[in-house]
Structures are given as C-alpha cells and as structure tokens.
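Reproduced below: coords_28.pdb, with PDB, C-alpha atoms.
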```
ATOM      1  CA  MET A   1     173.514 118.816   2.695
ATOM      2  CA  LEU A   2     172.484 115.216   2.077
ATOM      3  CA  TYR A   3     169.010 114.381   0.819
ATOM      4  CA  GLN A   4     167.340 111.038   0.202
ATOM      5  CA  MET A   5     164.296 110.167  -1.895
ATOM      6  CA  GLY A   6     161.414 109.106   0.313
ATOM      7  CA  ARG A   7     162.870 110.495   3.534
ATOM      8  CA  GLN A   8     160.432 112.714   5.380
ATOM      9  CA  GLY A   9     161.274 116.389   5.021
ATOM     10  CA  ASP A  10     163.706 115.979   2.114
ATOM     11  CA  SER A  11     161.216 116.292  -0.755
ATOM     12  CA  LYS A  12     161.123 120.091  -0.795
ATOM     13  CA  TYR A  13     164.925 120.228  -1.037
ATOM     14  CA  ILE A  14     165.202 117.571  -3.749
ATOM     15  CA  ALA A  15     162.589 119.526  -5.753
ATOM     16  CA  GLN A  16     165.170 122.318  -6.204
ATOM     17  CA  TYR A  17     167.381 120.121  -8.424
ATOM     18  CA  GLY A  18     166.412 119.451 -12.034
ATOM     19  CA  LYS A  19     167.478 115.842 -12.613
ATOM     20  CA  ALA A  20     166.830 114.730  -9.045
ATOM     21  CA  TYR A  21     163.297 116.108  -9.068
ATOM     22  CA  GLY A  22     162.680 114.585 -12.489
ATOM     23  CA  THR A  23     163.684 111.160 -11.157
ATOM     24  CA  VAL A  24     161.341 111.528  -8.185
ATOM     25  CA  LEU A  25     158.466 112.651 -10.442
ATOM     26  CA  LEU A  26     158.929 109.581 -12.630
ATOM     27  CA  HIS A  27     158.837 107.372  -9.537
ATOM     28  CA  GLU A  28     155.615 109.068  -8.384
ATOM     29  CA  TRP A  29     153.688 109.208 -11.672
ATOM     30  CA  LEU A  30     154.868 106.017 -13.410
ATOM     31  CA  PRO A  31     155.829 103.702 -10.529
ATOM     32  CA  GLU A  32     155.108 100.592 -12.604
ATOM     33  CA  ILE A  33     158.049 101.274 -14.933
ATOM     34  CA  SER A  34     160.395 103.309 -12.725
ATOM     35  CA  LYS A  35     163.635 101.402 -12.127
ATOM     36  CA  THR A  36     164.804 103.704  -9.319
ATOM     37  CA  LYS A  37     165.093 101.975  -5.953
ATOM     38  CA  ASN A  38     166.776 104.848  -4.101
ATOM     39  CA  LEU A  39     168.292 108.275  -4.777
ATOM     40  CA  PHE A  40     170.669 110.497  -2.817
ATOM     41  CA  VAL A  41     171.629 114.121  -3.492
ATOM     42  CA  LEU A  42     175.026 114.963  -2.047
ATOM     43  CA  ASP A  43     177.618 117.717  -2.130
ATOM     44  CA  SER A  44     180.872 116.076  -1.051
ATOM     45  CA  TYR A  45     182.772 112.819  -0.740
ATOM     46  CA  ASP A  46     182.339 112.942   3.052
ATOM     47  CA  GLU A  47     178.585 112.857   2.508
ATOM     48  CA  PHE A  48     178.930 109.915   0.140
ATOM     49  CA  LYS A  49     180.812 107.950   2.806
ATOM     50  CA  LYS A  50     177.804 108.364   5.110
ATOM     51  CA  ILE A  51     175.486 106.524   2.708
ATOM     52  CA  GLU A  52     177.991 104.275   0.919
ATOM     53  CA  ALA A  53     176.709 101.137   2.644
ATOM     54  CA  GLU A  54     173.175 101.798   1.362
ATOM     55  CA  LEU A  55     174.264 101.559  -2.284
ATOM     56  CA  PRO A  56     175.215  98.493  -4.356
ATOM     57  CA  GLU A  57     178.727  98.082  -5.722
ATOM     58  CA  VAL A  58     177.685  99.547  -9.097
ATOM     59  CA  PHE A  59     175.172 102.394  -9.378
ATOM     60  CA  THR A  60     174.449 105.556 -11.357
ATOM     61  CA  CYS A  61     176.073 108.939 -10.752
ATOM     62  CA  ARG A  62     174.643 112.046 -12.402
ATOM     63  CA  ALA A  63     175.760 115.668 -12.136
ATOM     64  CA  ASP A  64     172.985 118.094 -11.209
ATOM     65  CA  ALA A  65     172.345 121.710 -10.204
ATOM     66  CA  LYS A  66     169.483 123.791  -8.900
ATOM     67  CA  THR A  67     166.894 124.637 -11.530
ATOM     68  CA  GLY A  68     167.469 128.172 -12.786
ATOM     69  CA  GLU A  69     171.117 128.256 -11.739
ATOM     70  CA  PRO A  70     174.146 127.512 -13.984
ATOM     71  CA  ALA A  71     174.130 123.908 -15.144
ATOM     72  CA  THR A  72     176.883 121.403 -14.380
ATOM     73  CA  LEU A  73     178.284 120.834 -17.868
ATOM     74  CA  GLY A  74     180.782 118.355 -19.259
ATOM     75  CA  VAL A  75     180.299 115.615 -16.641
ATOM     76  CA  GLU A  76     178.235 112.844 -18.169
ATOM     77  CA  GLY A  77     176.048 110.567 -16.103
ATOM     78  CA  ASN A  78     177.504 107.094 -15.845
ATOM     79  CA  PHE A  79     177.439 103.789 -14.014
ATOM     80  CA  VAL A  80     180.258 103.807 -11.460
ATOM     81  CA  ARG A  81     181.830 101.684  -8.766
ATOM     82  CA  LYS A  82     182.210 103.026  -5.252
ATOM     83  CA  GLU A  83     185.933 103.635  -5.654
ATOM     84  CA  GLU A  84     185.194 105.906  -8.638
ATOM     85  CA  VAL A  85     182.816 108.263  -6.821
ATOM     86  CA  GLU A  86     185.476 110.537  -5.307
ATOM     87  CA  ASP A  87     186.873 111.332  -8.753
ATOM     88  CA  TYR A  88     183.366 111.888 -10.140
ATOM     89  CA  ILE A  89     182.583 114.390  -7.381
ATOM     90  CA  LYS A  90     185.871 116.220  -8.048
ATOM     91  CA  ARG A  91     184.989 116.558 -11.736
ATOM     92  CA  VAL A  92     181.542 117.907 -10.879
ATOM     93  CA  LYS A  93     182.996 120.517  -8.534
ATOM     94  CA  GLN A  94     185.593 121.547 -11.102
ATOM     95  CA  SER A  95     182.801 122.105 -13.605
ATOM     96  CA  ASN A  96     180.468 123.861 -11.179
ATOM     97  CA  PRO A  97     181.364 124.615  -7.543
ATOM     98  CA  ASN A  98     177.634 124.697  -6.762
ATOM     99  CA  GLY A  99     176.916 121.444  -8.593
ATOM    100  CA  VAL A 100     175.759 118.329  -6.763
ATOM    101  CA  VAL A 101     175.971 114.601  -7.411
ATOM    102  CA  LEU A 102     173.070 112.178  -7.598
ATOM    103  CA  CYS A 103     173.758 108.610  -6.506
ATOM    104  CA  ILE A 104     170.961 106.426  -7.855
ATOM    105  CA  ASP A 105     170.326 102.774  -7.103
ATOM    106  CA  THR A 106     168.515 101.148 -10.028
ATOM    107  CA  GLU A 107     167.343  97.614 -10.727
ATOM    108  CA  GLU A 108     169.917  95.090 -11.901
ATOM    109  CA  GLY A 109     170.288  94.749 -15.648
ATOM    110  CA  THR A 110     169.765  98.463 -16.347
ATOM    111  CA  GLN A 111     173.399  99.548 -16.077
ATOM    112  CA  GLU A 112     174.163  99.890 -19.757
ATOM    113  CA  LYS A 113     175.040 102.771 -22.098
ATOM    114  CA  VAL A 114     175.986 100.929 -25.272
ATOM    115  CA  LYS A 115     173.992  97.698 -25.623
ATOM    116  CA  THR A 116     170.677  99.504 -25.870
ATOM    117  CA  ASP A 117     167.764  98.934 -28.232
ATOM    118  CA  GLY A 118     167.384 102.708 -28.540
ATOM    119  CA  ALA A 119     166.638 105.888 -26.603
ATOM    120  CA  PHE A 120     163.455 107.935 -26.400
ATOM    121  CA  ASN A 121     161.865 111.101 -25.142
ATOM    122  CA  VAL A 122     158.073 111.273 -25.043
ATOM    123  CA  TYR A 123     157.124 114.918 -24.596
ATOM    124  CA  PHE A 124     153.699 116.083 -23.402
ATOM    125  CA  ASN A 125     151.997 119.429 -23.842
ATOM    126  CA  ILE A 126     148.888 118.554 -21.847
ATOM    127  CA  CYS A 127     145.646 118.893 -23.876
ATOM    128  CA  ASP A 128     147.634 120.000 -26.933
ATOM    129  CA  LYS A 129     150.391 117.825 -28.435
ATOM    130  CA  ILE A 130     152.464 114.723 -27.742
ATOM    131  CA  TYR A 131     155.888 114.262 -29.355
ATOM    132  CA  ILE A 132     158.188 111.262 -29.565
ATOM    133  CA  ASP A 133     161.897 111.582 -30.324
ATOM    134  CA  PHE A 134     163.820 108.353 -30.907
ATOM    135  CA  LEU A 135     167.411 107.222 -31.409
ATOM    136  CA  GLY A 136     168.361 103.765 -32.688
ATOM    137  CA  LYS A 137     170.375 100.887 -31.261
ATOM    138  CA  GLY A 138     173.517 101.688 -29.314
ATOM    139  CA  PHE A 139     172.440 105.239 -28.384
ATOM    140  CA  ASP A 140     171.504 106.529 -24.939
ATOM    141  CA  MET A 141     169.232 109.408 -23.976
ATOM    142  CA  GLY A 142     171.862 112.140 -23.593
ATOM    143  CA  ALA A 143     171.881 113.200 -27.231
ATOM    144  CA  ILE A 144     168.086 113.599 -27.300
ATOM    145  CA  THR A 145     168.029 115.741 -24.184
ATOM    146  CA  LYS A 146     170.716 118.040 -25.544
ATOM    147  CA  GLY A 147     169.060 118.228 -28.977
ATOM    148  CA  LYS A 148     172.201 116.887 -30.672
ATOM    149  CA  GLU A 149     170.754 113.834 -32.429
ATOM    150  CA  ASN A 150     167.362 112.633 -33.648
ATOM    151  CA  HIS A 151     166.638 109.611 -35.826
ATOM    152  CA  GLU A 152     162.831 109.584 -35.861
ATOM    153  CA  THR A 153     160.157 111.992 -34.640
ATOM    154  CA  TRP A 154     156.384 111.741 -34.261
ATOM    155  CA  LEU A 155     153.805 114.433 -33.525
ATOM    156  CA  PHE A 156     150.264 113.674 -32.277
ATOM    157  CA  ASP A 157     147.332 115.955 -31.601
ATOM    158  CA  TRP A 158     146.070 115.335 -28.083
ATOM    159  CA  ASN A 159     142.603 114.236 -29.201
ATOM    160  CA  ASP A 160     144.035 111.694 -31.660
ATOM    161  CA  ILE A 161     146.086 109.703 -29.196
ATOM    162  CA  LEU A 162     143.336 107.207 -28.269
ATOM    163  CA  PHE A 163     143.201 106.152 -31.916
ATOM    164  CA  VAL A 164     146.946 105.588 -32.314
ATOM    165  CA  THR A 165     148.224 102.004 -32.537
ATOM    166  CA  PRO A 166     151.650 100.516 -33.304
ATOM    167  CA  ASN A 167     150.335  99.680 -36.777
ATOM    168  CA  ASN A 168     149.161 103.198 -37.719
ATOM    169  CA  MET A 169     151.705 105.222 -35.746
ATOM    170  CA  ASN A 170     153.844 106.090 -38.760
ATOM    171  CA  LYS A 171     150.915 108.079 -40.112
ATOM    172  CA  PHE A 172     151.985 110.685 -37.540
ATOM    173  CA  ARG A 173     155.732 110.482 -38.215
ATOM    174  CA  GLN A 174     157.344 113.851 -38.934
ATOM    175  CA  HIS A 175     160.947 112.913 -39.556
ATOM    176  CA  VAL A 176     163.147 109.891 -40.265
ATOM    177  CA  ILE A 177     166.875 110.317 -40.688
ATOM    178  CA  SER A 178     168.509 109.843 -44.094
ATOM    179  CA  ASP A 179     171.108 107.121 -44.636
ATOM    180  CA  GLU A 180     173.888 109.711 -44.967
ATOM    181  CA  ASP A 181     172.899 111.644 -41.850
ATOM    182  CA  TYR A 182     172.541 108.433 -39.869
ATOM    183  CA  LEU A 183     176.048 107.339 -40.828
ATOM    184  CA  ASN A 184     177.390 110.665 -39.575
ATOM    185  CA  SER A 185     175.334 110.258 -36.397
ATOM    186  CA  ALA A 186     176.750 106.769 -35.826
ATOM    187  CA  ARG A 187     180.309 108.047 -36.300
ATOM    188  CA  ARG A 188     179.724 110.816 -33.747
ATOM    189  CA  ARG A 189     178.331 108.285 -31.302
ATOM    190  CA  LEU A 190     181.346 106.004 -31.649
ATOM    191  CA  GLN A 191     183.743 108.927 -31.208
ATOM    192  CA  HIS A 192     181.833 110.099 -28.142
ATOM    193  CA  LEU A 193     182.049 106.656 -26.539
ATOM    194  CA  ILE A 194     185.803 106.566 -27.154
ATOM    195  CA  ASN A 195     186.130 110.080 -25.696
ATOM    196  CA  ILE A 196     184.473 108.989 -22.434
ATOM    197  CA  GLY A 197     186.702 105.950 -22.019
ATOM    198  CA  TYR A 198     185.359 103.031 -24.049
ATOM    199  CA  SER A 199     187.988 101.148 -26.041
ATOM    200  CA  PRO A 200     187.430 100.722 -29.791
ATOM    201  CA  GLU A 201     187.374  96.942 -29.283
ATOM    202  CA  SER A 202     184.616  97.080 -26.653
ATOM    203  CA  ILE A 203     182.227  99.025 -28.888
ATOM    204  CA  LYS A 204     183.028  97.344 -32.185
ATOM    205  CA  GLY A 205     179.774  96.271 -33.839
ATOM    206  CA  LYS A 206     177.584  97.912 -31.169
ATOM    207  CA  ILE A 207     176.317 100.732 -33.438
ATOM    208  CA  PRO A 208     174.585  99.429 -36.593
ATOM    209  CA  ARG A 209     175.828 100.793 -39.890
ATOM    210  CA  ASN A 210     172.247 101.315 -41.107
ATOM    211  CA  TYR A 211     169.325 102.780 -39.201
ATOM    212  CA  SER A 212     166.359 100.498 -38.511
ATOM    213  CA  PRO A 213     163.102 102.384 -37.787
ATOM    214  CA  MET A 214     161.453 101.924 -34.401
ATOM    215  CA  PRO A 215     159.958  98.401 -34.272
ATOM    216  CA  PRO A 216     156.293  97.783 -33.346
ATOM    217  CA  SER A 217     157.289  96.275 -29.981
ATOM    218  CA  ILE A 218     158.838  99.560 -28.816
ATOM    219  CA  LYS A 219     155.931 101.578 -30.219
ATOM    220  CA  GLU A 220     153.574  99.420 -28.179
ATOM    221  CA  MET A 221     155.590  99.902 -24.982
ATOM    222  CA  LEU A 222     155.696 103.684 -25.371
ATOM    223  CA  LEU A 223     151.958 103.842 -26.061
ATOM    224  CA  GLU A 224     150.809 101.387 -23.394
ATOM    225  CA  LYS A 225     153.234 102.125 -20.565
ATOM    226  CA  ILE A 226     153.888 105.865 -20.896
ATOM    227  CA  ILE A 227     151.514 107.728 -23.192
ATOM    228  CA  LEU A 228     148.148 106.228 -22.275
ATOM    229  CA  PRO A 229     148.738 106.079 -18.485
ATOM    230  CA  LEU A 230     149.725 109.768 -18.431
ATOM    231  CA  TYR A 231     146.963 110.720 -20.887
ATOM    232  CA  CYS A 232     144.480 109.278 -18.398
ATOM    233  CA  LYS A 233     146.051 111.379 -15.595
ATOM    234  CA  GLN A 234     145.899 114.650 -17.516
ATOM    235  CA  GLY A 235     143.706 116.357 -14.911
ATOM    236  CA  GLN A 236     145.923 115.387 -11.985
ATOM    237  CA  LEU A 237     149.078 116.346 -13.891
ATOM    238  CA  ALA A 238     147.685 119.788 -14.714
ATOM    239  CA  GLU A 239     146.658 120.334 -11.099
ATOM    240  CA  ALA A 240     150.208 119.435 -10.040
ATOM    241  CA  GLY A 241     151.594 122.060 -12.439
ATOM    242  CA  LEU A 242     152.915 119.457 -14.887
ATOM    243  CA  ARG A 243     151.561 120.785 -18.165
ATOM    244  CA  SER A 244     154.716 120.536 -20.277
ATOM    245  CA  PHE A 245     157.254 117.762 -19.656
ATOM    246  CA  GLY A 246     159.019 114.781 -21.190
ATOM    247  CA  VAL A 247     159.604 111.205 -20.102
ATOM    248  CA  GLN A 248     163.026 110.149 -21.286
ATOM    249  CA  GLY A 249     165.032 106.981 -21.163
ATOM    250  CA  MET A 250     166.319 103.957 -23.039
ATOM    251  CA  ILE A 251     165.220 100.484 -24.071
ATOM    252  CA  ILE A 252     167.451  97.828 -22.520
ATOM    253  CA  ASN A 253     166.961  94.074 -22.841
ATOM    254  CA  HIS A 254     163.670  94.757 -24.638
ATOM    255  CA  GLU A 255     162.268  96.686 -21.645
ATOM    256  CA  LEU A 256     161.682 100.365 -21.021
ATOM    257  CA  PHE A 257     164.282 101.966 -18.779
ATOM    258  CA  PRO A 258     162.911 105.485 -18.172
ATOM    259  CA  ILE A 259     165.226 107.899 -16.384
ATOM    260  CA  GLU A 260     163.214 110.954 -15.399
ATOM    261  CA  PHE A 261     160.455 113.457 -16.046
ATOM    262  CA  ASN A 262     162.245 116.147 -18.023
ATOM    263  CA  ARG A 263     160.360 119.377 -17.429
ATOM    264  CA  GLU A 264     160.083 122.237 -19.904
ATOM    265  CA  VAL A 265     162.878 124.235 -18.283
ATOM    266  CA  ARG A 266     165.368 121.462 -19.152
ATOM    267  CA  PHE A 267     164.012 120.109 -22.441
ATOM    268  CA  ALA A 268     165.386 120.749 -25.933
ATOM    269  CA  ASP A 269     163.424 123.204 -28.103
ATOM    270  CA  LYS A 270     160.629 121.535 -30.089
ATOM    271  CA  SER A 271     160.111 124.384 -32.561
ATOM    272  CA  LEU A 272     161.835 122.437 -35.342
ATOM    273  CA  LEU A 273     158.781 120.186 -35.559
ATOM    274  CA  HIS A 274     156.706 123.059 -36.914
ATOM    275  CA  LYS A 275     159.085 123.751 -39.792
ATOM    276  CA  LYS A 276     158.304 122.417 -43.231
ATOM    277  CA  ASN A 277     161.601 120.517 -43.406
ATOM    278  CA  THR A 278     162.225 118.689 -40.137
ATOM    279  CA  GLY A 279     165.613 117.281 -41.093
ATOM    280  CA  PHE A 280     168.685 118.433 -39.199
ATOM    281  CA  GLU A 281     171.701 120.207 -40.581
ATOM    282  CA  ILE A 282     174.366 117.840 -39.271
ATOM    283  CA  GLY A 283     178.096 118.360 -39.670
ATOM    284  CA  ASP A 284     181.011 116.063 -39.025
TER
END
```
The structure given in the file should be rewritten as structure tokens.
Amino acid sequence: MLYQMGRQGDSKYIAQYGKAYGTVLLHEWLPEISKTKNLFVLDSYDEFKKIEAELPEVFTCRADAKTGEPATLGVEGNFVRKEEVEDYIKRVKQSNPNGVVLCIDTEEGTQEKVKTDGAFNVYFNICDKIYIDFLGKGFDMGAITKGKENHETWLFDWNDILFVTPNNMNKFRQHVISDEDYLNSARRRLQHLINIGYSPESIKGKIPRNYSPMPPSIKEMLLEKIILPLYCKQGQLAEAGLRSFGVQGMIINHELFPIEFNREVRFADKSLLHKKNTGFEIGD
C-alpha cells in the first residue's frame, strides 16, 4: 500500500486512518491556515524509497493506524531527516505490526517542537458547545490530545460565539492552572523532551518557570482563523458528518500551525468540563 493526498482514487483509503484523514480534513476545511503541502501513507521502507525524492530533506513522520483498530502507541510524531525514516518505520512496526507511517511535507519554519508559543485544541460540538484547551510556551499538542496536560480551558455556548472577542474571552474561561501544578507540568515536559532525545543544554530556558495566560494575539487568531470560519460552515460540516471534532496544533513564530481535524473517536474526554472543580489531579 502507498497512498498520497490529492491523488485520484486514494482518498477512500486515506480516510481509514485517523491522523491521516484528520490532516486531509484540515486541508479541505481550513485551507487558508493548513501548512500541509503533501502527505503519504506508507507501510514499509521500500515504499518510502519510492517517494523519497518527492519529500524535502526534513519533514514530519507520524505513526498511525486504522480508526477502530489498535492504536500505534509509544512512537511520537517528529521532524526527521530521510536517513532516520527506516528506524522510525521499524519502531512503528515493533509497536503495532498493522501500524502505518505518515510522511508529511509542511511549510518551512514549522518544524519545531520546543520553541513554540503554545499548543491548542479547539473542539466543536456543532450547534451546542465550543471548547478551547491551551498549553503554554514550549509545549506541543501531544499532551492535549492524550489528556495529560491542560493549562487553560474555555467553554462557549454555540449561540454566544458571535459575541466573543479577545477582550471578553476570559468571561468564558473554565480553568487556569495553579502555580504549583504548572511547575509540575513544566518539569514533566522537560523530562519528556530529554526522554525523546533532547539534551538538557538544548532545552535550557525553553520552558518558562511561570505560566503566562493566553495572550490576546493568540485569542484573536483562534477566533478569526478557526472558530468563526467553521462556525459559518456549520451546515456543510453537519452534512459531511462532522458534528463533533477538534482542530489541534501549535503556535510557532506567532502563527497558527494546525495539525489536523481530531474527530470524536480520537479526542480526549471532555466530561471534566462539566464538573464543579475543573482542576486536574496531577502527580509527579
């Protein structure tokens, strides 16, 4: 198997894979902010060699699996060089023999996991609620998707969204992390980066010691470039069967870098937002 985004006849096969399909949906519904130039779904190193020339020297690899089948766990998405792909594929297959690898060509300047201005997931229940989860500087989107970390959370009723501005947005805020919990979160992030190969010297000073709430500039980008465009397409989204989904990504160089549409079957449980106390019980 070897599938390519945009190639005639491949769409129905790509739609079987959670992350791959989410990337394609983002490209279709929010083309103005999608950074994806090309995407391949492949099963072996031999297949990678067939399309190697169509990729830049550095690109994104992500582990994926068919929706509804066992996930490919323990192999984090990362920016890789071509000589690193064979090892990445081996790790995916060791984790899940039925797992696949996504090779994604994105715009230059987006290949960053540490020097971020934050990470987000904007989650839509069409005609009902909109949620925003946010992590601060130096974090990427992985922890939000897995429900491991959350620094700030907002909850909007669908009919209120046209009246939300960057200046009044905190009226709808449900949760902001405490200083103590943030410090623990920052320590976990630093340890995670070291565990996946970053040296302590390379990440020194990259994670702030204190949490700074989401600035108005990011609030404006999320409202103007994600929430309102999709709010205005609510009818078309519902007709396409997209009634419950998230748009997740990071902020890099003061620009949105969305990754994918994260559909309900892959998104972390939002039930905590309906509890009286929305803080997390976080251990070391």
Output check: residues returned by the PyMOL selection byres ((chain A and resi 203-207) around 9), as an mmCIF file with C-alpha atoms, keeping the file's coordinate frame:
```
data_model
loop_
_atom_site.group_PDB
_atom_site.id
_atom_site.type_symbol
_atom_site.label_atom_id
_atom_site.label_comp_id
_atom_site.auth_asym_id
_atom_site.auth_seq_id
_atom_site.Cartn_x
_atom_site.Cartn_y
_atom_site.Cartn_z
ATOM 1 C CA VAL A 114 175.986 100.929 -25.272
ATOM 2 C CA LYS A 115 173.992 97.698 -25.623
ATOM 3 C CA THR A 116 170.677 99.504 -25.870
ATOM 4 C CA GLY A 136 168.361 103.765 -32.688
ATOM 5 C CA LYS A 137 170.375 100.887 -31.261
ATOM 6 C CA GLY A 138 173.517 101.688 -29.314
ATOM 7 C CA PHE A 139 172.440 105.239 -28.384
ATOM 8 C CA ALA A 186 176.750 106.769 -35.826
ATOM 9 C CA ARG A 187 180.309 108.047 -36.300
ATOM 10 C CA ARG A 189 178.331 108.285 -31.302
ATOM 11 C CA LEU A 190 181.346 106.004 -31.649
ATOM 12 C CA LEU A 193 182.049 106.656 -26.539
ATOM 13 C CA ILE A 194 185.803 106.566 -27.154
ATOM 14 C CA TYR A 198 185.359 103.031 -24.049
ATOM 15 C CA SER A 199 187.988 101.148 -26.041
ATOM 16 C CA PRO A 200 187.430 100.722 -29.791
ATOM 17 C CA GLU A 201 187.374 96.942 -29.283
ATOM 18 C CA SER A 202 184.616 97.080 -26.653
ATOM 19 C CA PRO A 208 174.585 99.429 -36.593
ATOM 20 C CA ARG A 209 175.828 100.793 -39.890
ATOM 21 C CA ASN A 210 172.247 101.315 -41.107
#
```
Hey, can you check how far atom CA of A:Ala53 sits from atom CA of A:Leu102?
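About the pair atom CA of A:Ala53 and atom CA of A:Leu102: they are 15.5 Å apart.
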Translate the PyMOL selection byres ((chain A and resi 224) around 12) into a concrete residue list for this structure, as a ChimeraX atom specification.
/A:30,32-33,161-162,164-166,216-223,225-232,256
Selection export as an mmCIF file, in the frame of the given file, atoms kept: C-alpha atoms:
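Result file is again34.cif:
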```cif
data_model
loop_
_atom_site.group_PDB
_atom_site.id
_atom_site.type_symbol
_atom_site.label_atom_id
_atom_site.label_comp_id
_atom_site.auth_asym_id
_atom_site.auth_seq_id
_atom_site.Cartn_x
_atom_site.Cartn_y
_atom_site.Cartn_z
ATOM 1 C CA LEU A 30 154.868 106.017 -13.410
ATOM 2 C CA GLU A 32 155.108 100.592 -12.604
ATOM 3 C CA ILE A 33 158.049 101.274 -14.933
ATOM 4 C CA ILE A 161 146.086 109.703 -29.196
ATOM 5 C CA LEU A 162 143.336 107.207 -28.269
ATOM 6 C CA VAL A 164 146.946 105.588 -32.314
ATOM 7 C CA THR A 165 148.224 102.004 -32.537
ATOM 8 C CA PRO A 166 151.650 100.516 -33.304
ATOM 9 C CA PRO A 216 156.293 97.783 -33.346
ATOM 10 C CA SER A 217 157.289 96.275 -29.981
ATOM 11 C CA ILE A 218 158.838 99.560 -28.816
ATOM 12 C CA LYS A 219 155.931 101.578 -30.219
ATOM 13 C CA GLU A 220 153.574 99.420 -28.179
ATOM 14 C CA MET A 221 155.590 99.902 -24.982
ATOM 15 C CA LEU A 222 155.696 103.684 -25.371
ATOM 16 C CA LEU A 223 151.958 103.842 -26.061
ATOM 17 C CA LYS A 225 153.234 102.125 -20.565
ATOM 18 C CA ILE A 226 153.888 105.865 -20.896
ATOM 19 C CA ILE A 227 151.514 107.728 -23.192
ATOM 20 C CA LEU A 228 148.148 106.228 -22.275
ATOM 21 C CA PRO A 229 148.738 106.079 -18.485
ATOM 22 C CA LEU A 230 149.725 109.768 -18.431
ATOM 23 C CA TYR A 231 146.963 110.720 -20.887
ATOM 24 C CA CYS A 232 144.480 109.278 -18.398
ATOM 25 C CA LEU A 256 161.682 100.365 -21.021
#
```
Just want the 7 Å neighbourhood of A:Ile130, counted on all atoms listed in the file, with same-chain residues fewer than 6 positions away dropped. Output as a list in words.
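My reading of the contact set: Tyr123, Phe124, Leu155, Phe156, Asp157 and Trp158 of chain A.
One distance worth recording is that between atom CA of A:Ala15 and atom CA of A:Pro70, which is 16.3 Å.
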Residue neighbourhood A:Thr106, 7 Å, all atoms listed in the file, exclusion window fewer than 4 positions, as a PyMOL selection string:
chain A and resi 35-37+59+110
re atom CA of A:Arg243 and atom CA of A:Ile104: distance 26.2 Å
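Nearest-residue note for A:Gly241: choosing from A:Val92, A:Asn125, A:Gly18, A:His254, the minimum distance belongs to A:Asn125, counting all atoms listed in the file.
Across A:Cys61, A:Ala71, A:Ile132, A:Met250, the tightest approach to A:Tyr88 is made by A:Cys61 when counting all atoms listed in the file.
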